[in-house]
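Q: Structure supplied as coords_25.txt; contents: compact mmCIF, N, CA and C atoms.
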```txt
# COMPACT_ATOMS: atom_id res chain seq x y z
N MET A 1 20.15 -12.81 61.49
CA MET A 1 19.52 -13.07 60.24
C MET A 1 18.28 -12.21 60.06
N ARG A 2 17.57 -11.99 61.17
CA ARG A 2 16.39 -11.13 61.10
C ARG A 2 16.79 -9.70 60.76
N ILE A 3 17.92 -9.27 61.22
CA ILE A 3 18.38 -7.91 60.95
C ILE A 3 18.68 -7.76 59.46
N LEU A 4 19.28 -8.79 58.85
CA LEU A 4 19.59 -8.77 57.42
C LEU A 4 18.31 -8.74 56.59
N THR A 5 17.32 -9.51 56.96
CA THR A 5 16.05 -9.53 56.26
C THR A 5 15.33 -8.19 56.44
N LEU A 6 15.39 -7.62 57.62
CA LEU A 6 14.77 -6.32 57.88
C LEU A 6 15.45 -5.24 57.05
N LYS A 7 16.77 -5.31 56.93
CA LYS A 7 17.48 -4.33 56.10
C LYS A 7 17.09 -4.46 54.64
N LYS A 8 16.91 -5.69 54.15
CA LYS A 8 16.50 -5.91 52.76
C LYS A 8 15.10 -5.34 52.51
N ILE A 9 14.22 -5.52 53.45
CA ILE A 9 12.85 -5.01 53.31
C ILE A 9 12.86 -3.49 53.28
N ILE A 10 13.60 -2.88 54.17
CA ILE A 10 13.68 -1.42 54.23
C ILE A 10 14.32 -0.88 52.94
N LEU A 11 15.38 -1.50 52.49
CA LEU A 11 16.06 -1.07 51.27
C LEU A 11 15.15 -1.23 50.05
N SER A 12 14.44 -2.32 49.98
CA SER A 12 13.50 -2.54 48.87
C SER A 12 12.38 -1.52 48.89
N SER A 13 11.86 -1.21 50.06
CA SER A 13 10.78 -0.21 50.18
C SER A 13 11.27 1.16 49.74
N LEU A 14 12.46 1.55 50.18
CA LEU A 14 13.02 2.84 49.77
C LEU A 14 13.24 2.90 48.25
N LEU A 15 13.71 1.82 47.68
CA LEU A 15 13.96 1.77 46.25
C LEU A 15 12.65 1.89 45.47
N LEU A 16 11.63 1.16 45.88
CA LEU A 16 10.33 1.24 45.21
C LEU A 16 9.70 2.63 45.36
N THR A 17 9.85 3.23 46.53
CA THR A 17 9.33 4.58 46.76
C THR A 17 10.05 5.59 45.87
N ALA A 18 11.31 5.40 45.67
CA ALA A 18 12.09 6.33 44.83
C ALA A 18 11.71 6.17 43.35
N LEU A 19 11.33 4.99 42.92
CA LEU A 19 11.00 4.75 41.52
C LEU A 19 9.54 5.04 41.18
N MET A 20 8.68 5.19 42.13
CA MET A 20 7.26 5.43 41.87
C MET A 20 6.97 6.68 41.06
N PRO A 21 7.59 7.82 41.36
CA PRO A 21 7.29 9.00 40.54
C PRO A 21 7.63 8.81 39.07
N LYS A 22 8.57 7.97 38.74
CA LYS A 22 8.93 7.69 37.35
C LYS A 22 7.77 7.01 36.62
N THR A 23 7.02 6.18 37.29
CA THR A 23 5.90 5.49 36.65
C THR A 23 4.74 6.44 36.40
N TRP A 24 4.59 7.48 37.17
CA TRP A 24 3.52 8.44 36.97
C TRP A 24 3.84 9.42 35.83
N ALA A 25 5.05 9.46 35.39
CA ALA A 25 5.45 10.39 34.34
C ALA A 25 4.80 10.05 33.00
N GLN A 26 4.27 8.86 32.84
CA GLN A 26 3.66 8.44 31.58
C GLN A 26 2.21 8.91 31.43
N GLU A 27 1.67 9.59 32.39
CA GLU A 27 0.28 10.01 32.35
C GLU A 27 0.11 11.43 31.82
N GLN A 28 0.84 11.80 30.82
CA GLN A 28 0.77 13.14 30.27
C GLN A 28 -0.21 13.17 29.10
N ASN A 29 -0.99 14.23 28.98
CA ASN A 29 -1.90 14.40 27.86
C ASN A 29 -1.13 14.98 26.67
N THR A 30 -1.48 14.50 25.48
CA THR A 30 -0.83 14.98 24.26
C THR A 30 -1.86 15.65 23.38
N THR A 31 -1.52 16.81 22.86
CA THR A 31 -2.40 17.54 21.96
C THR A 31 -1.74 17.59 20.59
N VAL A 32 -2.51 17.21 19.56
CA VAL A 32 -2.00 17.22 18.19
C VAL A 32 -2.67 18.35 17.44
N ASN A 33 -1.86 19.24 16.89
CA ASN A 33 -2.38 20.31 16.06
C ASN A 33 -2.24 19.88 14.60
N GLN A 34 -3.37 19.87 13.90
CA GLN A 34 -3.40 19.35 12.55
C GLN A 34 -3.85 20.44 11.59
N ASP A 35 -3.19 20.51 10.45
CA ASP A 35 -3.55 21.46 9.41
C ASP A 35 -4.92 21.08 8.85
N PRO A 36 -5.85 22.05 8.71
CA PRO A 36 -7.19 21.72 8.18
C PRO A 36 -7.13 21.18 6.74
N LYS A 37 -6.10 21.53 6.01
CA LYS A 37 -5.98 21.02 4.64
C LYS A 37 -5.75 19.52 4.62
N PHE A 38 -5.16 18.99 5.67
CA PHE A 38 -4.94 17.55 5.76
C PHE A 38 -6.26 16.80 5.76
N GLU A 39 -7.22 17.27 6.52
CA GLU A 39 -8.53 16.63 6.58
C GLU A 39 -9.24 16.72 5.23
N GLN A 40 -9.09 17.85 4.56
CA GLN A 40 -9.68 18.02 3.24
C GLN A 40 -9.06 17.04 2.23
N LEU A 41 -7.75 16.91 2.27
CA LEU A 41 -7.05 15.98 1.40
C LEU A 41 -7.46 14.54 1.68
N LEU A 42 -7.62 14.21 2.92
CA LEU A 42 -8.04 12.87 3.31
C LEU A 42 -9.44 12.56 2.79
N ASN A 43 -10.34 13.53 2.88
CA ASN A 43 -11.70 13.35 2.36
C ASN A 43 -11.70 13.16 0.84
N GLU A 44 -10.86 13.91 0.14
CA GLU A 44 -10.75 13.75 -1.31
C GLU A 44 -10.24 12.36 -1.66
N LYS A 45 -9.26 11.88 -0.93
CA LYS A 45 -8.71 10.54 -1.16
C LYS A 45 -9.78 9.48 -0.93
N ARG A 46 -10.60 9.66 0.09
CA ARG A 46 -11.67 8.70 0.36
C ARG A 46 -12.68 8.67 -0.78
N LYS A 47 -12.99 9.83 -1.36
CA LYS A 47 -13.92 9.89 -2.49
C LYS A 47 -13.35 9.15 -3.69
N ILE A 48 -12.07 9.36 -3.95
CA ILE A 48 -11.43 8.71 -5.10
C ILE A 48 -11.38 7.20 -4.91
N ASN A 49 -11.06 6.75 -3.71
CA ASN A 49 -10.98 5.31 -3.44
C ASN A 49 -12.32 4.62 -3.64
N THR A 50 -13.41 5.27 -3.29
CA THR A 50 -14.71 4.63 -3.46
C THR A 50 -15.12 4.58 -4.92
N SER A 51 -14.60 5.49 -5.73
CA SER A 51 -14.97 5.49 -7.14
C SER A 51 -14.15 4.52 -7.97
N LEU A 52 -13.03 4.02 -7.44
CA LEU A 52 -12.21 3.07 -8.18
C LEU A 52 -12.88 1.69 -8.18
N THR A 53 -12.94 1.09 -9.34
CA THR A 53 -13.53 -0.24 -9.46
C THR A 53 -12.51 -1.19 -10.09
N VAL A 54 -11.38 -1.31 -9.47
CA VAL A 54 -10.31 -2.16 -9.99
C VAL A 54 -10.75 -3.61 -10.02
N ASN A 55 -11.47 -4.06 -9.03
CA ASN A 55 -11.79 -5.47 -8.89
C ASN A 55 -12.94 -5.92 -9.76
N ASP A 56 -13.65 -5.01 -10.40
CA ASP A 56 -14.80 -5.38 -11.21
C ASP A 56 -14.46 -5.56 -12.68
N SER A 57 -13.20 -5.43 -13.05
CA SER A 57 -12.86 -5.47 -14.46
C SER A 57 -11.64 -6.34 -14.72
N TYR A 58 -11.51 -6.74 -15.97
CA TYR A 58 -10.36 -7.54 -16.40
C TYR A 58 -9.22 -6.61 -16.78
N LYS A 59 -8.01 -7.07 -16.55
CA LYS A 59 -6.80 -6.33 -16.88
C LYS A 59 -5.89 -7.23 -17.70
N ILE A 60 -4.99 -6.59 -18.44
CA ILE A 60 -3.98 -7.33 -19.18
C ILE A 60 -2.63 -6.96 -18.58
N GLN A 61 -1.95 -7.95 -18.04
CA GLN A 61 -0.62 -7.71 -17.48
C GLN A 61 0.39 -7.87 -18.60
N ILE A 62 1.12 -6.77 -18.89
CA ILE A 62 2.07 -6.82 -20.00
C ILE A 62 3.52 -6.93 -19.54
N PHE A 63 3.77 -6.70 -18.25
CA PHE A 63 5.15 -6.76 -17.76
C PHE A 63 5.17 -7.04 -16.27
N THR A 64 6.21 -7.75 -15.83
CA THR A 64 6.49 -7.92 -14.42
C THR A 64 8.01 -7.94 -14.25
N GLY A 65 8.51 -7.15 -13.31
CA GLY A 65 9.95 -7.08 -13.11
C GLY A 65 10.35 -5.87 -12.29
N SER A 66 11.50 -5.28 -12.64
CA SER A 66 12.06 -4.17 -11.87
C SER A 66 11.33 -2.85 -12.15
N SER A 67 11.56 -1.89 -11.29
CA SER A 67 10.89 -0.59 -11.39
C SER A 67 11.27 0.15 -12.66
N GLU A 68 12.54 0.21 -12.96
CA GLU A 68 13.00 0.95 -14.15
C GLU A 68 12.45 0.34 -15.43
N ASN A 69 12.49 -0.98 -15.53
CA ASN A 69 11.95 -1.64 -16.73
C ASN A 69 10.44 -1.49 -16.83
N ALA A 70 9.77 -1.45 -15.69
CA ALA A 70 8.32 -1.25 -15.68
C ALA A 70 7.97 0.14 -16.20
N LYS A 71 8.72 1.15 -15.76
CA LYS A 71 8.48 2.52 -16.24
C LYS A 71 8.72 2.63 -17.73
N LYS A 72 9.78 1.98 -18.22
CA LYS A 72 10.10 2.01 -19.65
C LYS A 72 8.99 1.32 -20.45
N THR A 73 8.55 0.17 -19.97
CA THR A 73 7.50 -0.58 -20.65
C THR A 73 6.20 0.22 -20.66
N LEU A 74 5.88 0.87 -19.55
CA LEU A 74 4.66 1.68 -19.48
C LEU A 74 4.71 2.82 -20.49
N ASN A 75 5.83 3.52 -20.57
CA ASN A 75 5.97 4.62 -21.53
C ASN A 75 5.86 4.13 -22.97
N ASP A 76 6.51 3.01 -23.27
CA ASP A 76 6.42 2.43 -24.62
C ASP A 76 4.99 2.03 -24.95
N PHE A 77 4.31 1.43 -23.98
CA PHE A 77 2.93 1.00 -24.20
C PHE A 77 2.02 2.20 -24.45
N ARG A 78 2.17 3.25 -23.66
CA ARG A 78 1.33 4.43 -23.83
C ARG A 78 1.55 5.10 -25.18
N LEU A 79 2.77 5.05 -25.70
CA LEU A 79 3.04 5.62 -27.02
C LEU A 79 2.40 4.79 -28.13
N GLU A 80 2.41 3.49 -27.98
CA GLU A 80 1.89 2.61 -29.02
C GLU A 80 0.37 2.42 -28.95
N PHE A 81 -0.16 2.30 -27.74
CA PHE A 81 -1.60 2.08 -27.55
C PHE A 81 -2.19 3.25 -26.79
N LYS A 82 -2.50 4.31 -27.48
CA LYS A 82 -2.97 5.54 -26.83
C LYS A 82 -4.41 5.43 -26.31
N ASN A 83 -5.19 4.53 -26.87
CA ASN A 83 -6.58 4.41 -26.45
C ASN A 83 -6.80 3.45 -25.28
N ILE A 84 -5.74 2.77 -24.81
CA ILE A 84 -5.85 1.85 -23.67
C ILE A 84 -5.06 2.43 -22.50
N ASP A 85 -5.73 2.59 -21.38
CA ASP A 85 -5.09 3.12 -20.17
C ASP A 85 -4.23 2.04 -19.53
N ALA A 86 -3.09 2.44 -18.97
CA ALA A 86 -2.19 1.49 -18.31
C ALA A 86 -1.62 2.11 -17.05
N THR A 87 -1.22 1.26 -16.12
CA THR A 87 -0.67 1.73 -14.86
C THR A 87 0.33 0.72 -14.32
N ILE A 88 1.15 1.18 -13.38
CA ILE A 88 2.11 0.30 -12.70
C ILE A 88 1.56 -0.04 -11.32
N VAL A 89 1.62 -1.32 -10.99
CA VAL A 89 1.16 -1.82 -9.70
C VAL A 89 2.33 -2.53 -9.04
N PHE A 90 2.54 -2.28 -7.74
CA PHE A 90 3.63 -2.94 -7.02
C PHE A 90 3.08 -4.08 -6.18
N ASN A 91 3.53 -5.29 -6.47
CA ASN A 91 3.25 -6.48 -5.66
C ASN A 91 4.60 -7.07 -5.30
N THR A 92 4.92 -7.10 -4.03
CA THR A 92 6.24 -7.49 -3.56
C THR A 92 6.70 -8.77 -4.22
N PRO A 93 7.85 -8.88 -4.78
CA PRO A 93 8.92 -7.89 -4.93
C PRO A 93 8.95 -7.26 -6.32
N ASN A 94 7.91 -7.46 -7.12
CA ASN A 94 7.92 -7.03 -8.52
C ASN A 94 6.98 -5.87 -8.79
N TYR A 95 7.32 -5.12 -9.82
CA TYR A 95 6.43 -4.10 -10.37
C TYR A 95 5.74 -4.71 -11.58
N LYS A 96 4.45 -4.45 -11.70
CA LYS A 96 3.68 -5.02 -12.80
C LYS A 96 3.03 -3.88 -13.58
N VAL A 97 2.96 -4.04 -14.88
CA VAL A 97 2.28 -3.06 -15.72
C VAL A 97 0.98 -3.70 -16.16
N TRP A 98 -0.13 -3.07 -15.75
CA TRP A 98 -1.46 -3.53 -16.10
C TRP A 98 -2.06 -2.58 -17.10
N ALA A 99 -2.69 -3.13 -18.11
CA ALA A 99 -3.31 -2.31 -19.15
C ALA A 99 -4.80 -2.61 -19.22
N GLY A 100 -5.56 -1.54 -19.49
CA GLY A 100 -6.99 -1.69 -19.71
C GLY A 100 -7.80 -1.84 -18.45
N SER A 101 -9.09 -1.71 -18.67
CA SER A 101 -10.09 -1.93 -17.63
C SER A 101 -11.33 -2.41 -18.37
N PHE A 102 -11.38 -3.70 -18.63
CA PHE A 102 -12.40 -4.26 -19.50
C PHE A 102 -13.52 -4.89 -18.68
N LYS A 103 -14.75 -4.57 -19.03
CA LYS A 103 -15.91 -5.07 -18.29
C LYS A 103 -16.16 -6.55 -18.53
N THR A 104 -15.97 -7.00 -19.77
CA THR A 104 -16.24 -8.40 -20.10
C THR A 104 -14.95 -9.10 -20.49
N ARG A 105 -14.97 -10.40 -20.35
CA ARG A 105 -13.81 -11.21 -20.71
C ARG A 105 -13.59 -11.21 -22.22
N ILE A 106 -14.67 -11.17 -22.98
CA ILE A 106 -14.56 -11.17 -24.44
C ILE A 106 -13.83 -9.91 -24.92
N GLU A 107 -14.20 -8.78 -24.37
CA GLU A 107 -13.54 -7.52 -24.71
C GLU A 107 -12.06 -7.57 -24.34
N ALA A 108 -11.76 -8.13 -23.19
CA ALA A 108 -10.37 -8.23 -22.74
C ALA A 108 -9.57 -9.16 -23.65
N GLU A 109 -10.15 -10.28 -24.06
CA GLU A 109 -9.45 -11.22 -24.93
C GLU A 109 -9.21 -10.63 -26.32
N ARG A 110 -10.14 -9.82 -26.80
CA ARG A 110 -9.97 -9.14 -28.08
C ARG A 110 -8.74 -8.23 -28.04
N ASN A 111 -8.63 -7.44 -26.97
CA ASN A 111 -7.49 -6.55 -26.81
C ASN A 111 -6.21 -7.32 -26.52
N LEU A 112 -6.33 -8.44 -25.83
CA LEU A 112 -5.18 -9.29 -25.53
C LEU A 112 -4.52 -9.78 -26.82
N ALA A 113 -5.34 -10.15 -27.79
CA ALA A 113 -4.81 -10.63 -29.08
C ALA A 113 -4.04 -9.52 -29.79
N ILE A 114 -4.52 -8.29 -29.69
CA ILE A 114 -3.85 -7.15 -30.33
C ILE A 114 -2.53 -6.85 -29.62
N ILE A 115 -2.56 -6.83 -28.30
CA ILE A 115 -1.37 -6.49 -27.50
C ILE A 115 -0.33 -7.60 -27.58
N LYS A 116 -0.78 -8.86 -27.72
CA LYS A 116 0.13 -10.00 -27.73
C LYS A 116 1.10 -9.95 -28.91
N ASP A 117 0.71 -9.27 -30.00
CA ASP A 117 1.62 -9.14 -31.14
C ASP A 117 2.87 -8.35 -30.75
N ARG A 118 2.73 -7.39 -29.88
CA ARG A 118 3.84 -6.51 -29.49
C ARG A 118 4.56 -7.01 -28.23
N TYR A 119 3.79 -7.47 -27.24
CA TYR A 119 4.35 -7.94 -25.97
C TYR A 119 4.07 -9.44 -25.85
N LYS A 120 5.13 -10.21 -25.72
CA LYS A 120 5.00 -11.68 -25.77
C LYS A 120 4.47 -12.30 -24.48
N ASN A 121 4.90 -11.83 -23.33
CA ASN A 121 4.52 -12.44 -22.06
C ASN A 121 3.36 -11.70 -21.43
N VAL A 122 2.20 -11.74 -22.06
CA VAL A 122 1.03 -11.04 -21.53
C VAL A 122 0.10 -12.06 -20.87
N LEU A 123 -0.62 -11.56 -19.87
CA LEU A 123 -1.58 -12.40 -19.16
C LEU A 123 -2.90 -11.66 -19.02
N LEU A 124 -3.98 -12.39 -19.08
CA LEU A 124 -5.30 -11.81 -18.80
C LEU A 124 -5.59 -12.09 -17.33
N ILE A 125 -5.85 -11.05 -16.56
CA ILE A 125 -6.07 -11.22 -15.13
C ILE A 125 -7.34 -10.50 -14.69
N LYS A 126 -7.88 -10.96 -13.61
CA LYS A 126 -8.97 -10.26 -12.94
C LYS A 126 -8.54 -10.12 -11.49
N PRO A 127 -8.09 -8.91 -11.09
CA PRO A 127 -7.55 -8.72 -9.74
C PRO A 127 -8.58 -9.07 -8.66
N ASN A 128 -8.07 -9.68 -7.59
CA ASN A 128 -8.91 -10.01 -6.44
C ASN A 128 -8.96 -8.85 -5.48
N LYS A 129 -9.89 -8.92 -4.54
CA LYS A 129 -10.02 -7.87 -3.54
C LYS A 129 -8.88 -7.90 -2.58
```
Write the structure described by the file as structure tokens, please.

A:
Amino acid sequence: MRILTLKKIILSSLLLTALMPKTWAQEQNTTVNQDPKFEQLLNEKRKINTSLTVNDSYKIQIFTGSSENAKKTLNDFRLEFKNIDATIVFNTPNYKVWAGSFKTRIEAERNLAIIKDRYKNVLLIKPNK
């Protein structure tokens, strides 16, 4: 029985010794070469993100649904209301069309009354952070 246990110990030691170099193979250094334009683009994106004030203003949601219908609604809205900016926002699983960027609720409600004549399911929203 001692011989069997001794053989198991020797076999286990040989097996572990054979597998050790495989564990050291993960210690390789990686070098990433990056295009300098990427860093420039990233800096521009950071500037734009800080200038956006989506959360400080009221919006009017004129549509929620599929992507194709949202694009159609956005195009129709832009043709009819040229002085109000609108955009598509994706919130899983729906696409939403938001119009305007109003500082006060009174201004938003004034525009809501005008838009409500054309689009029936409109909502006044103030996006959260």

Q: Box for segment 5-16 of chain A: with edges along x, y and z, all listed atoms inside and 6 Å added on each side, what are the centre and edge lengths in Å to one decimal, as AutoDock Vina command-line options?

A:
```
--center_x 13.6 --center_y -3.3 --center_z 51.5 --size_x 19.8 --size_y 24.4 --size_z 24.7
```

Q: What residues in chain A get the DSSP label alpha helix (DSSP H)? Please answer as a PyMOL selection string.

A: chain A and resi 2-24+36-51+67-80+105-116

Q: Counting only C-alpha atoms, note down every residue that has an atom within 10 Å of the point (-6.2, 2.1, -15.5) (file coordinates), as a PyMOL selection string.

A: chain A and resi 52-54+59+84-88+97-102

Q: If I put a ball of radius 7 Å at (-6.2, -11.3, -13.2) in the file's coordinates, which residues poke into it when counting only C-alpha atoms, written as a list in words?

A: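 In the file's frame, the residues around the point are Tyr58, Lys59, Leu124, Ile125, Lys126 and Pro127 of chain A.
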
Q: What separation in Å, quoted to one decimal, exists between atom N of Ala113 of chain A and atom CA of Ile60 of chain A?

A: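 Value for the atom N of Ala113 of chain A-atom CA of Ile60 of chain A distance: 9.2 Å.
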
Q: For Ser57 of chain A, which residue out of A:Lys71, A:Arg105, A:Phe90, A:Leu42 is the nearest one, using only N, CA and C atoms?

A: A:Arg105

Q: I need the residue nearest Lys116 of chain A from this list: A:Thr73, A:Gln61, A:Asn91, A:Thr104. Use only C-alpha atoms for the distance.

A: A:Gln61

Q: Could you give me, as a list in words, each residue of chain A that DSSP assigns to strand (DSSP E or B) when run on this structure's backbone?

A: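 Matching residues, listed in order: Tyr58, Lys59, Ile60, Gln61, Ile62, Phe63, Thr64, Gly65, Ala86, Thr87, Ile88, Val89, Phe90, Asn91, Asn94, Tyr95, Lys96, Val97, Trp98, Ala99, Gly100, Ser101, Phe102, Leu123, Leu124 and Ile125 of chain A.
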
Q: Emit the selected residues as a JSON list (two decimals), keeping the file's coordinate frame, including N, CA and C atoms.

A:
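Okay, this is what ended up in result00.json:
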```
[["chain", "number", "residue", "atom", "x", "y", "z"],
["A", 58, "TYR", "N", -11.51, -6.74, -15.97],
["A", 58, "TYR", "CA", -10.36, -7.54, -16.40],
["A", 58, "TYR", "C", -9.22, -6.61, -16.78],
["A", 59, "LYS", "N", -8.01, -7.07, -16.55],
["A", 59, "LYS", "CA", -6.80, -6.33, -16.88],
["A", 59, "LYS", "C", -5.89, -7.23, -17.70],
["A", 60, "ILE", "N", -4.99, -6.59, -18.44],
["A", 60, "ILE", "CA", -3.98, -7.33, -19.18],
["A", 60, "ILE", "C", -2.63, -6.96, -18.58],
["A", 61, "GLN", "N", -1.95, -7.95, -18.04],
["A", 61, "GLN", "CA", -0.62, -7.71, -17.48],
["A", 61, "GLN", "C", 0.39, -7.87, -18.60],
["A", 62, "ILE", "N", 1.12, -6.77, -18.89],
["A", 62, "ILE", "CA", 2.07, -6.82, -20.00],
["A", 62, "ILE", "C", 3.52, -6.93, -19.54],
["A", 63, "PHE", "N", 3.77, -6.70, -18.25],
["A", 63, "PHE", "CA", 5.15, -6.76, -17.76],
["A", 63, "PHE", "C", 5.17, -7.04, -16.27],
["A", 64, "THR", "N", 6.21, -7.75, -15.83],
["A", 64, "THR", "CA", 6.49, -7.92, -14.42],
["A", 64, "THR", "C", 8.01, -7.94, -14.25],
["A", 65, "GLY", "N", 8.51, -7.15, -13.31],
["A", 65, "GLY", "CA", 9.95, -7.08, -13.11],
["A", 65, "GLY", "C", 10.35, -5.87, -12.29],
["A", 86, "ALA", "N", -3.09, 2.44, -18.97],
["A", 86, "ALA", "CA", -2.19, 1.49, -18.31],
["A", 86, "ALA", "C", -1.62, 2.11, -17.05],
["A", 87, "THR", "N", -1.22, 1.26, -16.12],
["A", 87, "THR", "CA", -0.67, 1.73, -14.86],
["A", 87, "THR", "C", 0.33, 0.72, -14.32],
["A", 88, "ILE", "N", 1.15, 1.18, -13.38],
["A", 88, "ILE", "CA", 2.11, 0.30, -12.70],
["A", 88, "ILE", "C", 1.56, -0.04, -11.32],
["A", 89, "VAL", "N", 1.62, -1.32, -10.99],
["A", 89, "VAL", "CA", 1.16, -1.82, -9.70],
["A", 89, "VAL", "C", 2.33, -2.53, -9.04],
["A", 90, "PHE", "N", 2.54, -2.28, -7.74],
["A", 90, "PHE", "CA", 3.63, -2.94, -7.02],
["A", 90, "PHE", "C", 3.08, -4.08, -6.18],
["A", 91, "ASN", "N", 3.53, -5.29, -6.47],
["A", 91, "ASN", "CA", 3.25, -6.48, -5.66],
["A", 91, "ASN", "C", 4.60, -7.07, -5.30],
["A", 94, "ASN", "N", 7.91, -7.46, -7.12],
["A", 94, "ASN", "CA", 7.92, -7.03, -8.52],
["A", 94, "ASN", "C", 6.98, -5.87, -8.79],
["A", 95, "TYR", "N", 7.32, -5.12, -9.82],
["A", 95, "TYR", "CA", 6.43, -4.10, -10.37],
["A", 95, "TYR", "C", 5.74, -4.71, -11.58],
["A", 96, "LYS", "N", 4.45, -4.45, -11.70],
["A", 96, "LYS", "CA", 3.68, -5.02, -12.80],
["A", 96, "LYS", "C", 3.03, -3.88, -13.58],
["A", 97, "VAL", "N", 2.96, -4.04, -14.88],
["A", 97, "VAL", "CA", 2.28, -3.06, -15.72],
["A", 97, "VAL", "C", 0.98, -3.70, -16.16],
["A", 98, "TRP", "N", -0.13, -3.07, -15.75],
["A", 98, "TRP", "CA", -1.46, -3.53, -16.10],
["A", 98, "TRP", "C", -2.06, -2.58, -17.10],
["A", 99, "ALA", "N", -2.69, -3.13, -18.11],
["A", 99, "ALA", "CA", -3.31, -2.31, -19.15],
["A", 99, "ALA", "C", -4.80, -2.61, -19.22],
["A", 100, "GLY", "N", -5.56, -1.54, -19.49],
["A", 100, "GLY", "CA", -6.99, -1.69, -19.71],
["A", 100, "GLY", "C", -7.80, -1.84, -18.45],
["A", 101, "SER", "N", -9.09, -1.71, -18.67],
["A", 101, "SER", "CA", -10.09, -1.93, -17.63],
["A", 101, "SER", "C", -11.33, -2.41, -18.37],
["A", 102, "PHE", "N", -11.38, -3.70, -18.63],
["A", 102, "PHE", "CA", -12.40, -4.26, -19.50],
["A", 102, "PHE", "C", -13.52, -4.89, -18.68],
["A", 123, "LEU", "N", -0.62, -11.56, -19.87],
["A", 123, "LEU", "CA", -1.58, -12.40, -19.16],
["A", 123, "LEU", "C", -2.90, -11.66, -19.02],
["A", 124, "LEU", "N", -3.98, -12.39, -19.08],
["A", 124, "LEU", "CA", -5.30, -11.81, -18.80],
["A", 124, "LEU", "C", -5.59, -12.09, -17.33],
["A", 125, "ILE", "N", -5.85, -11.05, -16.56],
["A", 125, "ILE", "CA", -6.07, -11.22, -15.13],
["A", 125, "ILE", "C", -7.34, -10.50, -14.69]]
```

Q: Restricting the calculation to all atoms listed in the file, which member of A:Ile10, A:Ala18, A:Ile3, A:Ile62 is positioned closest to Val122 of chain A?

A: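 Smallest distance to Val122 of chain A is found for A:Ile62.
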
Q: My structure is short of atoms at segment 112-124 of chain A; please model N, CA, C and O atoms there, returning them as a PDB file, in the frame of the given file.

A:
```pdb
ATOM      1  N   LEU A 112      -6.330  -8.440 -25.830  1.00  0.00           N
ATOM      2  CA  LEU A 112      -5.180  -9.290 -25.530  1.00  0.00           C
ATOM      3  C   LEU A 112      -4.520  -9.780 -26.820  1.00  0.00           C
ATOM      4  O   LEU A 112      -3.300  -9.774 -26.949  1.00  0.00           O
ATOM      5  N   ALA A 113      -5.340 -10.150 -27.790  1.00  0.00           N
ATOM      6  CA  ALA A 113      -4.810 -10.630 -29.080  1.00  0.00           C
ATOM      7  C   ALA A 113      -4.040  -9.520 -29.790  1.00  0.00           C
ATOM      8  O   ALA A 113      -3.002  -9.771 -30.407  1.00  0.00           O
ATOM      9  N   ILE A 114      -4.520  -8.290 -29.690  1.00  0.00           N
ATOM     10  CA  ILE A 114      -3.850  -7.150 -30.330  1.00  0.00           C
ATOM     11  C   ILE A 114      -2.530  -6.850 -29.620  1.00  0.00           C
ATOM     12  O   ILE A 114      -1.495  -6.642 -30.260  1.00  0.00           O
ATOM     13  N   ILE A 115      -2.560  -6.830 -28.300  1.00  0.00           N
ATOM     14  CA  ILE A 115      -1.370  -6.490 -27.500  1.00  0.00           C
ATOM     15  C   ILE A 115      -0.330  -7.600 -27.580  1.00  0.00           C
ATOM     16  O   ILE A 115       0.875  -7.348 -27.540  1.00  0.00           O
ATOM     17  N   LYS A 116      -0.780  -8.860 -27.720  1.00  0.00           N
ATOM     18  CA  LYS A 116       0.130 -10.000 -27.730  1.00  0.00           C
ATOM     19  C   LYS A 116       1.100  -9.950 -28.910  1.00  0.00           C
ATOM     20  O   LYS A 116       2.182 -10.533 -28.847  1.00  0.00           O
ATOM     21  N   ASP A 117       0.710  -9.270 -30.000  1.00  0.00           N
ATOM     22  CA  ASP A 117       1.620  -9.140 -31.140  1.00  0.00           C
ATOM     23  C   ASP A 117       2.870  -8.350 -30.750  1.00  0.00           C
ATOM     24  O   ASP A 117       3.951  -8.595 -31.264  1.00  0.00           O
ATOM     25  N   ARG A 118       2.730  -7.390 -29.880  1.00  0.00           N
ATOM     26  CA  ARG A 118       3.840  -6.510 -29.490  1.00  0.00           C
ATOM     27  C   ARG A 118       4.560  -7.010 -28.230  1.00  0.00           C
ATOM     28  O   ARG A 118       5.762  -6.943 -28.130  1.00  0.00           O
ATOM     29  N   TYR A 119       3.790  -7.470 -27.240  1.00  0.00           N
ATOM     30  CA  TYR A 119       4.350  -7.940 -25.970  1.00  0.00           C
ATOM     31  C   TYR A 119       4.070  -9.440 -25.850  1.00  0.00           C
ATOM     32  O   TYR A 119       2.930  -9.866 -25.874  1.00  0.00           O
ATOM     33  N   LYS A 120       5.130 -10.210 -25.720  1.00  0.00           N
ATOM     34  CA  LYS A 120       5.000 -11.680 -25.770  1.00  0.00           C
ATOM     35  C   LYS A 120       4.470 -12.300 -24.480  1.00  0.00           C
ATOM     36  O   LYS A 120       3.680 -13.221 -24.514  1.00  0.00           O
ATOM     37  N   ASN A 121       4.900 -11.830 -23.330  1.00  0.00           N
ATOM     38  CA  ASN A 121       4.520 -12.440 -22.060  1.00  0.00           C
ATOM     39  C   ASN A 121       3.360 -11.700 -21.430  1.00  0.00           C
ATOM     40  O   ASN A 121       3.485 -11.100 -20.373  1.00  0.00           O
ATOM     41  N   VAL A 122       2.200 -11.740 -22.060  1.00  0.00           N
ATOM     42  CA  VAL A 122       1.030 -11.040 -21.530  1.00  0.00           C
ATOM     43  C   VAL A 122       0.100 -12.060 -20.870  1.00  0.00           C
ATOM     44  O   VAL A 122       0.048 -13.225 -21.243  1.00  0.00           O
ATOM     45  N   LEU A 123      -0.620 -11.560 -19.870  1.00  0.00           N
ATOM     46  CA  LEU A 123      -1.580 -12.400 -19.160  1.00  0.00           C
ATOM     47  C   LEU A 123      -2.900 -11.660 -19.020  1.00  0.00           C
ATOM     48  O   LEU A 123      -2.922 -10.452 -18.813  1.00  0.00           O
ATOM     49  N   LEU A 124      -3.980 -12.390 -19.080  1.00  0.00           N
ATOM     50  CA  LEU A 124      -5.300 -11.810 -18.800  1.00  0.00           C
ATOM     51  C   LEU A 124      -5.590 -12.090 -17.330  1.00  0.00           C
ATOM     52  O   LEU A 124      -5.550 -13.251 -16.902  1.00  0.00           O
TER      53      LEU A 124
END
```
